[in-house]
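Undergrad: Sharing protein_36.cif, mmCIF, N, CA and C atoms and all ligand atoms:
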```cif
data_final
loop_
_atom_site.label_atom_id
_atom_site.label_comp_id
_atom_site.auth_asym_id
_atom_site.auth_seq_id
_atom_site.Cartn_x
_atom_site.Cartn_y
_atom_site.Cartn_z
N MET U 25 -9.67 8.44 1.60
CA MET U 25 -9.52 7.11 2.14
C MET U 25 -8.13 6.87 2.71
N ARG U 26 -7.27 7.84 2.50
CA ARG U 26 -5.90 7.60 2.92
C ARG U 26 -5.69 7.94 4.38
N LYS U 27 -4.63 7.38 4.88
CA LYS U 27 -4.20 7.68 6.22
C LYS U 27 -4.11 9.19 6.40
N GLY U 28 -4.58 9.67 7.50
CA GLY U 28 -4.47 11.09 7.76
C GLY U 28 -5.82 11.72 7.96
N VAL U 29 -6.65 11.71 6.90
CA VAL U 29 -7.92 12.41 7.00
C VAL U 29 -9.08 11.49 6.60
N CYS U 30 -10.10 11.45 7.42
CA CYS U 30 -11.28 10.63 7.14
C CYS U 30 -12.09 11.24 6.00
N PRO U 31 -12.51 10.42 5.03
CA PRO U 31 -13.29 10.94 3.89
C PRO U 31 -14.70 11.38 4.27
N TYR U 32 -15.15 10.96 5.43
CA TYR U 32 -16.52 11.28 5.83
C TYR U 32 -16.62 12.43 6.81
N CYS U 33 -15.75 12.45 7.80
CA CYS U 33 -15.90 13.48 8.82
C CYS U 33 -14.64 14.32 8.97
N ALA U 34 -13.61 14.05 8.15
CA ALA U 34 -12.36 14.78 8.23
C ALA U 34 -11.65 14.60 9.56
N GLY U 35 -12.03 13.55 10.29
CA GLY U 35 -11.34 13.23 11.53
C GLY U 35 -9.98 12.62 11.23
N THR U 36 -9.24 12.33 12.27
CA THR U 36 -7.91 11.75 12.11
C THR U 36 -8.00 10.25 11.88
N VAL U 37 -7.33 9.80 10.85
CA VAL U 37 -7.33 8.37 10.54
C VAL U 37 -5.95 7.81 10.83
N SER U 38 -5.95 6.69 11.55
CA SER U 38 -4.66 6.06 11.81
C SER U 38 -4.60 4.74 11.04
N GLY U 39 -3.41 4.36 10.64
CA GLY U 39 -3.23 3.15 9.88
C GLY U 39 -2.49 2.10 10.69
N ALA U 40 -2.78 0.86 10.42
CA ALA U 40 -2.08 -0.22 11.09
C ALA U 40 -2.10 -1.46 10.21
N LEU U 41 -1.08 -2.25 10.33
CA LEU U 41 -1.06 -3.51 9.61
C LEU U 41 -1.67 -4.59 10.47
N THR U 42 -2.31 -5.52 9.82
CA THR U 42 -2.93 -6.61 10.55
C THR U 42 -2.93 -7.85 9.67
N GLU U 43 -3.02 -8.98 10.29
CA GLU U 43 -3.20 -10.21 9.51
C GLU U 43 -4.67 -10.51 9.38
N GLU U 44 -5.43 -9.91 10.25
CA GLU U 44 -6.88 -10.10 10.25
C GLU U 44 -7.44 -9.63 8.91
N GLY U 45 -8.24 -10.45 8.30
CA GLY U 45 -8.78 -10.06 7.00
C GLY U 45 -7.88 -10.44 5.86
N GLY U 46 -6.71 -10.97 6.18
CA GLY U 46 -5.77 -11.33 5.13
C GLY U 46 -6.29 -12.44 4.25
N GLY U 47 -7.26 -13.20 4.74
CA GLY U 47 -7.82 -14.28 3.95
C GLY U 47 -8.95 -13.83 3.04
N LEU U 48 -9.33 -12.58 3.15
CA LEU U 48 -10.42 -12.06 2.33
C LEU U 48 -10.03 -12.09 0.86
N GLU U 49 -10.87 -12.67 0.07
CA GLU U 49 -10.54 -12.74 -1.34
C GLU U 49 -11.47 -11.89 -2.17
N GLU U 50 -12.35 -11.18 -1.51
CA GLU U 50 -13.33 -10.43 -2.26
C GLU U 50 -12.72 -9.25 -3.02
N PHE U 51 -11.53 -8.84 -2.62
CA PHE U 51 -10.90 -7.71 -3.30
C PHE U 51 -10.64 -8.03 -4.76
N ASN U 52 -9.78 -8.97 -4.99
CA ASN U 52 -9.53 -9.37 -6.37
C ASN U 52 -9.00 -10.79 -6.41
N GLU U 53 -9.66 -11.64 -5.65
CA GLU U 53 -9.34 -13.06 -5.64
C GLU U 53 -7.89 -13.32 -5.32
N ARG U 54 -7.40 -12.58 -4.39
CA ARG U 54 -6.02 -12.74 -4.02
C ARG U 54 -5.98 -12.81 -2.50
N VAL U 55 -5.14 -13.65 -1.96
CA VAL U 55 -5.00 -13.74 -0.52
C VAL U 55 -3.80 -12.92 -0.09
N TYR U 56 -4.05 -12.02 0.84
CA TYR U 56 -2.97 -11.15 1.27
C TYR U 56 -2.24 -11.71 2.48
N SER U 57 -0.96 -11.49 2.49
CA SER U 57 -0.17 -11.91 3.64
C SER U 57 -0.38 -10.92 4.78
N SER U 58 -0.72 -9.70 4.44
CA SER U 58 -1.00 -8.70 5.46
C SER U 58 -1.95 -7.69 4.86
N VAL U 59 -2.63 -6.98 5.71
CA VAL U 59 -3.65 -6.05 5.26
C VAL U 59 -3.47 -4.73 5.99
N ALA U 60 -3.61 -3.63 5.27
CA ALA U 60 -3.55 -2.33 5.92
C ALA U 60 -4.96 -1.97 6.38
N ARG U 61 -5.08 -1.59 7.63
CA ARG U 61 -6.38 -1.26 8.16
C ARG U 61 -6.34 0.20 8.61
N TYR U 62 -7.30 0.97 8.11
CA TYR U 62 -7.38 2.38 8.48
C TYR U 62 -8.63 2.61 9.31
N VAL U 63 -8.47 3.33 10.39
CA VAL U 63 -9.60 3.57 11.28
C VAL U 63 -9.65 5.06 11.62
N CYS U 64 -10.85 5.64 11.48
CA CYS U 64 -11.04 7.04 11.88
C CYS U 64 -11.24 7.08 13.38
N GLU U 65 -10.52 7.97 14.03
CA GLU U 65 -10.62 8.05 15.48
C GLU U 65 -11.86 8.82 15.92
N ARG U 66 -12.53 9.48 15.00
CA ARG U 66 -13.71 10.25 15.37
C ARG U 66 -15.01 9.51 15.09
N CYS U 67 -15.21 9.05 13.84
CA CYS U 67 -16.51 8.47 13.49
C CYS U 67 -16.44 6.96 13.34
N SER U 68 -15.28 6.40 13.56
CA SER U 68 -15.04 4.96 13.48
C SER U 68 -15.22 4.38 12.08
N TRP U 69 -15.18 5.22 11.07
CA TRP U 69 -15.09 4.73 9.69
C TRP U 69 -13.82 3.89 9.58
N SER U 70 -13.89 2.82 8.84
CA SER U 70 -12.66 2.06 8.65
C SER U 70 -12.66 1.36 7.31
N MET U 71 -11.50 1.02 6.87
CA MET U 71 -11.39 0.22 5.65
C MET U 71 -10.17 -0.67 5.73
N HIS U 72 -10.23 -1.76 4.99
CA HIS U 72 -9.09 -2.65 4.85
C HIS U 72 -8.66 -2.60 3.39
N CYS U 73 -7.39 -2.72 3.17
CA CYS U 73 -6.96 -2.90 1.78
C CYS U 73 -5.62 -3.59 1.77
N GLY U 74 -5.29 -4.13 0.62
CA GLY U 74 -3.98 -4.75 0.48
C GLY U 74 -2.90 -3.69 0.60
N VAL U 75 -1.73 -4.11 0.98
CA VAL U 75 -0.65 -3.14 1.21
C VAL U 75 -0.25 -2.37 -0.05
N PRO U 76 -0.11 -3.01 -1.21
CA PRO U 76 0.25 -2.21 -2.39
C PRO U 76 -0.78 -1.13 -2.69
N PHE U 77 -2.04 -1.46 -2.51
CA PHE U 77 -3.11 -0.49 -2.74
C PHE U 77 -2.95 0.70 -1.81
N ALA U 78 -2.55 0.43 -0.58
CA ALA U 78 -2.37 1.50 0.40
C ALA U 78 -1.25 2.45 -0.01
N LEU U 79 -0.38 1.99 -0.89
CA LEU U 79 0.77 2.81 -1.28
C LEU U 79 0.54 3.57 -2.58
N ASN U 80 -0.66 3.44 -3.13
CA ASN U 80 -0.98 4.08 -4.40
C ASN U 80 -0.60 5.55 -4.48
N MET U 81 -0.73 6.25 -3.37
CA MET U 81 -0.49 7.69 -3.40
C MET U 81 0.82 8.08 -2.74
N GLU U 82 1.62 7.11 -2.42
CA GLU U 82 2.93 7.38 -1.83
C GLU U 82 3.78 8.08 -2.90
N PRO U 83 4.42 9.21 -2.55
CA PRO U 83 5.19 9.95 -3.57
C PRO U 83 6.21 9.08 -4.31
N ALA U 84 6.88 8.20 -3.60
CA ALA U 84 7.89 7.36 -4.25
C ALA U 84 7.24 6.46 -5.31
N VAL U 85 6.04 6.00 -5.02
CA VAL U 85 5.32 5.12 -5.94
C VAL U 85 4.84 5.92 -7.15
N VAL U 86 4.23 7.07 -6.86
CA VAL U 86 3.70 7.91 -7.93
C VAL U 86 4.80 8.32 -8.89
N SER U 87 5.95 8.72 -8.35
CA SER U 87 7.02 9.18 -9.23
C SER U 87 7.66 8.01 -9.99
N PHE U 88 7.72 6.86 -9.36
CA PHE U 88 8.26 5.69 -10.05
C PHE U 88 7.39 5.35 -11.27
N PHE U 89 6.10 5.36 -11.08
CA PHE U 89 5.20 5.07 -12.19
C PHE U 89 5.27 6.19 -13.24
N HIS U 90 5.33 7.42 -12.75
CA HIS U 90 5.42 8.56 -13.65
C HIS U 90 6.67 8.45 -14.53
N ASP U 91 7.78 8.07 -13.92
CA ASP U 91 9.04 7.94 -14.67
C ASP U 91 8.95 6.87 -15.76
N HIS U 92 7.99 5.99 -15.62
CA HIS U 92 7.82 4.95 -16.63
C HIS U 92 6.60 5.21 -17.51
N GLY U 93 6.17 6.48 -17.49
CA GLY U 93 5.09 6.87 -18.40
C GLY U 93 3.71 6.39 -17.98
N ILE U 94 3.57 6.04 -16.70
CA ILE U 94 2.27 5.56 -16.24
C ILE U 94 1.71 6.55 -15.22
N ALA U 95 0.56 7.12 -15.54
CA ALA U 95 -0.09 8.03 -14.61
C ALA U 95 -1.02 7.21 -13.73
N ILE U 96 -0.53 6.86 -12.58
CA ILE U 96 -1.26 5.94 -11.73
C ILE U 96 -2.63 6.50 -11.32
N PHE U 97 -2.72 7.82 -11.25
CA PHE U 97 -4.00 8.42 -10.85
C PHE U 97 -5.07 8.29 -11.93
N ASP U 98 -4.62 8.10 -13.17
CA ASP U 98 -5.57 8.00 -14.26
C ASP U 98 -6.13 6.59 -14.41
N ARG U 99 -5.59 5.70 -13.63
CA ARG U 99 -5.99 4.31 -13.77
C ARG U 99 -6.85 3.86 -12.62
N HIS U 100 -7.43 2.72 -12.81
CA HIS U 100 -8.18 2.11 -11.72
C HIS U 100 -7.19 1.84 -10.58
N PRO U 101 -7.58 2.18 -9.35
CA PRO U 101 -6.65 2.01 -8.24
C PRO U 101 -6.06 0.61 -8.14
N TRP U 102 -6.83 -0.37 -8.55
CA TRP U 102 -6.32 -1.75 -8.41
C TRP U 102 -5.23 -2.06 -9.41
N SER U 103 -5.06 -1.21 -10.41
CA SER U 103 -4.11 -1.55 -11.46
C SER U 103 -2.68 -1.65 -10.94
N ILE U 104 -2.43 -1.13 -9.76
CA ILE U 104 -1.08 -1.24 -9.19
C ILE U 104 -0.70 -2.71 -9.01
N TYR U 105 -1.70 -3.56 -8.84
CA TYR U 105 -1.39 -4.98 -8.60
C TYR U 105 -0.78 -5.67 -9.80
N GLN U 106 -0.97 -5.05 -10.92
CA GLN U 106 -0.37 -5.58 -12.12
C GLN U 106 1.15 -5.52 -12.02
N TYR U 107 1.64 -4.57 -11.24
CA TYR U 107 3.09 -4.37 -11.13
C TYR U 107 3.65 -4.70 -9.76
N ALA U 108 2.78 -4.72 -8.78
CA ALA U 108 3.28 -4.77 -7.40
C ALA U 108 3.07 -6.12 -6.73
N ASP U 109 3.95 -6.38 -5.81
CA ASP U 109 3.87 -7.59 -5.03
C ASP U 109 4.23 -7.22 -3.59
N ASP U 110 3.66 -7.93 -2.65
CA ASP U 110 4.03 -7.62 -1.27
C ASP U 110 4.47 -8.88 -0.54
N ARG U 111 5.33 -8.68 0.42
CA ARG U 111 5.91 -9.81 1.13
C ARG U 111 6.13 -9.38 2.58
N VAL U 112 5.72 -10.22 3.50
CA VAL U 112 5.93 -9.91 4.91
C VAL U 112 7.35 -10.32 5.29
N CYS U 113 8.13 -9.35 5.76
CA CYS U 113 9.51 -9.64 6.16
C CYS U 113 9.53 -10.01 7.64
N SER U 114 8.67 -9.37 8.41
CA SER U 114 8.68 -9.59 9.85
C SER U 114 7.32 -9.19 10.41
N ARG U 115 6.90 -9.85 11.47
CA ARG U 115 5.62 -9.49 12.10
C ARG U 115 5.82 -8.83 13.45
N ASP U 116 7.02 -8.90 13.98
CA ASP U 116 7.28 -8.28 15.28
C ASP U 116 8.70 -7.76 15.32
N PRO U 117 8.92 -6.49 14.94
CA PRO U 117 7.88 -5.53 14.51
C PRO U 117 7.46 -5.81 13.06
N TRP U 118 6.32 -5.23 12.67
CA TRP U 118 5.83 -5.40 11.32
C TRP U 118 6.76 -4.75 10.31
N ARG U 119 7.12 -5.52 9.32
CA ARG U 119 7.86 -4.99 8.17
C ARG U 119 7.32 -5.69 6.95
N VAL U 120 6.75 -4.91 6.05
CA VAL U 120 6.25 -5.49 4.81
C VAL U 120 6.96 -4.81 3.65
N GLU U 121 7.48 -5.61 2.76
CA GLU U 121 8.16 -5.07 1.59
C GLU U 121 7.23 -5.16 0.39
N VAL U 122 7.10 -4.02 -0.29
CA VAL U 122 6.31 -4.00 -1.52
C VAL U 122 7.28 -3.77 -2.68
N THR U 123 7.13 -4.57 -3.68
CA THR U 123 8.03 -4.46 -4.83
C THR U 123 7.21 -4.14 -6.08
N CYS U 124 7.58 -3.05 -6.76
CA CYS U 124 6.92 -2.71 -8.02
C CYS U 124 7.94 -2.93 -9.15
N ARG U 125 7.52 -3.60 -10.18
CA ARG U 125 8.41 -3.86 -11.31
C ARG U 125 7.83 -3.27 -12.58
N ILE U 126 8.61 -2.42 -13.24
CA ILE U 126 8.20 -1.92 -14.55
C ILE U 126 9.42 -1.91 -15.44
N ASP U 127 9.33 -2.50 -16.59
CA ASP U 127 10.42 -2.50 -17.57
C ASP U 127 11.75 -2.91 -16.96
N GLY U 128 11.74 -3.81 -16.04
CA GLY U 128 13.00 -4.28 -15.46
C GLY U 128 13.49 -3.45 -14.29
N ASP U 129 12.95 -2.25 -14.12
CA ASP U 129 13.31 -1.45 -12.95
C ASP U 129 12.45 -1.89 -11.77
N VAL U 130 13.05 -1.83 -10.61
CA VAL U 130 12.34 -2.30 -9.42
C VAL U 130 12.33 -1.22 -8.34
N LEU U 131 11.16 -0.97 -7.82
CA LEU U 131 11.03 -0.06 -6.68
C LEU U 131 10.69 -0.91 -5.47
N ARG U 132 11.51 -0.76 -4.43
CA ARG U 132 11.23 -1.49 -3.19
C ARG U 132 10.84 -0.52 -2.10
N ILE U 133 9.77 -0.84 -1.41
CA ILE U 133 9.31 0.01 -0.32
C ILE U 133 9.09 -0.87 0.89
N VAL U 134 9.59 -0.40 2.03
CA VAL U 134 9.35 -1.14 3.26
C VAL U 134 8.50 -0.27 4.17
N ILE U 135 7.44 -0.86 4.69
CA ILE U 135 6.58 -0.11 5.60
C ILE U 135 6.57 -0.77 6.97
N ASP U 136 6.24 0.03 7.97
CA ASP U 136 6.19 -0.49 9.33
C ASP U 136 4.74 -0.74 9.74
N GLY U 137 4.54 -1.05 10.99
CA GLY U 137 3.22 -1.45 11.48
C GLY U 137 2.18 -0.35 11.46
N ASP U 138 2.62 0.91 11.27
CA ASP U 138 1.67 2.02 11.17
C ASP U 138 1.37 2.37 9.72
N VAL U 139 1.80 1.51 8.80
CA VAL U 139 1.68 1.74 7.37
C VAL U 139 2.42 3.01 6.96
N ASP U 140 3.52 3.27 7.65
CA ASP U 140 4.40 4.37 7.26
C ASP U 140 5.57 3.80 6.47
N VAL U 141 5.96 4.52 5.44
CA VAL U 141 7.10 4.09 4.64
C VAL U 141 8.38 4.38 5.42
N ILE U 142 9.21 3.37 5.59
CA ILE U 142 10.46 3.60 6.32
C ILE U 142 11.68 3.42 5.43
N GLU U 143 11.44 2.91 4.24
CA GLU U 143 12.58 2.67 3.36
C GLU U 143 12.09 2.63 1.91
N THR U 144 12.80 3.30 1.02
CA THR U 144 12.50 3.12 -0.40
C THR U 144 13.81 2.98 -1.15
N ALA U 145 13.81 2.19 -2.16
CA ALA U 145 15.02 2.01 -2.97
C ALA U 145 14.60 1.66 -4.38
N ILE U 146 15.35 2.20 -5.35
CA ILE U 146 15.08 1.86 -6.75
C ILE U 146 16.29 1.13 -7.30
N GLU U 147 16.04 0.02 -7.93
CA GLU U 147 17.10 -0.73 -8.58
C GLU U 147 16.83 -0.65 -10.08
N ALA U 148 17.69 0.06 -10.77
CA ALA U 148 17.50 0.22 -12.21
C ALA U 148 17.87 -1.06 -12.93
N ALA U 149 17.23 -1.26 -14.05
CA ALA U 149 17.53 -2.44 -14.86
C ALA U 149 18.98 -2.42 -15.28
N ALA U 150 19.62 -3.56 -15.29
CA ALA U 150 21.05 -3.63 -15.62
C ALA U 150 21.24 -3.39 -17.12
ZN ZN L 1 -14.42 9.93 10.37
#
```
Now that the file is in, can you turn its structure into structure tokens?
TA:
Amino acid sequence: MRKGVCPYCAGTVSGALTEEGGGLEEFNERVYSSVARYVCERCSWSMHCGVPFALNMEPAVVSFFHDHGIAIFDRHPWSIYQYADDRVCSRDPWRVEVTCRIDGDVLRIVIDGDVDVIETAIEAAA
């Protein structure tokens, strides 16, 4: 389901941020400020998800959780929302900041309009 390879036809999947669908509450009764949309260029498979969910497999996210004793892969994918928050910094160009908080430590990730990570920073608890 991730950007890169289509789960159905192995075609190329491209990611983009959109506000469309941001009002959808069927995910987990939450209204998103922005939504990551993935589209397969071959079979037109697509999915929408909240931005933190889209970052579930980002190495910076996985290692941050790992460092705090949480194996994110062993959990329900939505469990990231327990720790993560997203905020739209800019719409032109798209910049969305996702913040994960565990035990006072904070991981900040900024993504661009292609749902690519352009910045990561960890602020350790004081
Ligand atoms: Zn496909």
Undergrad: Hey, could you make a per-residue contact list for chain U against ligand ZN 1 (chain L) with 8 Å as the cut-off, showing the nearest pair of atoms and its distance in Å to one decimal, counting only C-alpha atoms and all ligand atoms, sorted by chain and number, as a Markdown table?
TA:
```
| residue | atom | partner | partner_atom | distance |
| --- | --- | --- | --- | --- |
| U:Val29 | CA | L:ZN1 | ZN | 7.7 |
| U:Cys30 | CA | L:ZN1 | ZN | 4.6 |
| U:Pro31 | CA | L:ZN1 | ZN | 6.7 |
| U:Tyr32 | CA | L:ZN1 | ZN | 5.2 |
| U:Cys33 | CA | L:ZN1 | ZN | 4.1 |
| U:Ala34 | CA | L:ZN1 | ZN | 5.7 |
| U:Gly35 | CA | L:ZN1 | ZN | 4.7 |
| U:Thr36 | CA | L:ZN1 | ZN | 7.0 |
| U:Val37 | CA | L:ZN1 | ZN | 7.3 |
| U:Cys64 | CA | L:ZN1 | ZN | 4.7 |
| U:Glu65 | CA | L:ZN1 | ZN | 6.6 |
| U:Arg66 | CA | L:ZN1 | ZN | 5.1 |
| U:Cys67 | CA | L:ZN1 | ZN | 4.0 |
| U:Ser68 | CA | L:ZN1 | ZN | 5.9 |
| U:Trp69 | CA | L:ZN1 | ZN | 5.3 |
```
Undergrad: Set the distance at 8 Å and use all atoms listed in the file: which residues neighbour Ile146 in chain U once local chain neighbours fewer than 6 positions away are removed? I'd like the list as a ChimeraX atom specification.
TA: /U:129-133
Undergrad: Show me, as a list in words, the residues that have an atom within 10 Å of Ile142 in chain U when counting only C-alpha atoms, minus same-chain residues fewer than 6 positions from it.
TA: Arg119, Ile133, Val134, Ile135 and Asp136 of chain U
Undergrad: Figure out the distance between atom N of Val120 in chain U and CA of Ser70 in chain U, please, to one decimal in Å.
TA: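 Here the two named atoms are 20.8 Å from each other.
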Undergrad: Give the strand (DSSP E) residues of chain U, as DSSP finds them on the backbone, and put them as a VMD selection string.
TA: chain U and resid 28 to 29 36 to 42 59 to 64 70 to 74 108 to 115 118 to 126 129 to 135 141 to 147
Undergrad: Considering only C-alpha atoms, can you say which of U:Cys124, U:Met81, U:Val139, U:Ala149 comes closest to Ala40 in chain U?
TA: U:Val139
Undergrad: Would you mind telling me which residue in U:Glu147, U:Glu43, U:Asp116, U:Glu82 lies nearest to Gly128 in chain U when using only N, CA and C atoms?
TA: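 Between U:Glu147, U:Glu43, U:Asp116, U:Glu82, the residue approaching Gly128 in chain U most closely is U:Glu147.
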Undergrad: For the atom pair atom C of Arg125 in chain U and atom C of Tyr107 in chain U, what is the interatomic distance in Å to one decimal place?
TA: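 Atom-to-atom, atom C of Arg125 in chain U and atom C of Tyr107 in chain U are spaced 5.2 Å apart.
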Undergrad: Would you list the contacts of His92 in chain U as a PDB file with N, CA and C atoms, in the frame of the given file, taking every protein, DNA or RNA residue within 8 Å and counting only N, CA and C atoms, but skipping same-chain residues closer than 5 positions in sequence?
TA:
```
ATOM      1  N   VAL U  86       4.230   7.070  -6.860  1.00  0.00           N
ATOM      2  CA  VAL U  86       3.700   7.910  -7.930  1.00  0.00           C
ATOM      3  C   VAL U  86       4.800   8.320  -8.890  1.00  0.00           C
ATOM      4  N   SER U  87       5.950   8.720  -8.350  1.00  0.00           N
ATOM      5  CA  SER U  87       7.020   9.180  -9.230  1.00  0.00           C
ATOM      6  C   SER U  87       7.660   8.010  -9.990  1.00  0.00           C
ATOM      7  N   ILE U 126       8.610  -2.420 -13.240  1.00  0.00           N
ATOM      8  CA  ILE U 126       8.200  -1.920 -14.550  1.00  0.00           C
ATOM      9  C   ILE U 126       9.420  -1.910 -15.440  1.00  0.00           C
ATOM     10  N   ASP U 127       9.330  -2.500 -16.590  1.00  0.00           N
ATOM     11  CA  ASP U 127      10.420  -2.500 -17.570  1.00  0.00           C
ATOM     12  C   ASP U 127      11.750  -2.910 -16.960  1.00  0.00           C
TER      13      ASP U 127
END
```
Undergrad: Suppose you want the space between CA of Ala148 in chain U and CA of Ala95 in chain U; what is it in Å?
TA: 19.4 Å
Undergrad: Under the rule that all atoms listed in the file are counted, which of U:Arg111, U:Pro101, U:Thr144, U:Ser58 is the nearest residue to Ala84 in chain U?
TA: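 The answer is U:Thr144, which sits nearest to Ala84 in chain U.
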Undergrad: Taking into account only C-alpha atoms, which residue in the set U:Gly39, U:Gly137, U:Val122, U:Ile94 is nearest to Val75 in chain U?
TA: U:Val122
Undergrad: My list of candidates is U:Val85, U:Ala78, U:Val112, U:Ile104. Which is closest to Asp140 in chain U when distances are computed with only C-alpha atoms?
TA: U:Ala78
Undergrad: Can you list every residue in chain U that DSSP puts in alpha helix (DSSP H), as a VMD selection string?
TA: chain U and resid 75 to 78 83 to 91
Undergrad: Select, from U:Asp138, U:Val59, U:His100, U:His90, the residue with the minimum atom-to-atom distance to Trp118 in chain U, counting all atoms listed in the file.
TA: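 Distance minimum relative to Trp118 in chain U lands on U:Asp138.
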Undergrad: Hey, could you pull the box centre and edge lengths for range 92-105 of chain U, axis-aligned, 3 Å padding per side, all listed atoms, to one decimal in Å, as AutoDock Vina command-line options?
TA:
```
--center_x -0.1 --center_y 1.4 --center_z -13.3 --size_x 22.2 --size_y 20.1 --size_z 16.3
```
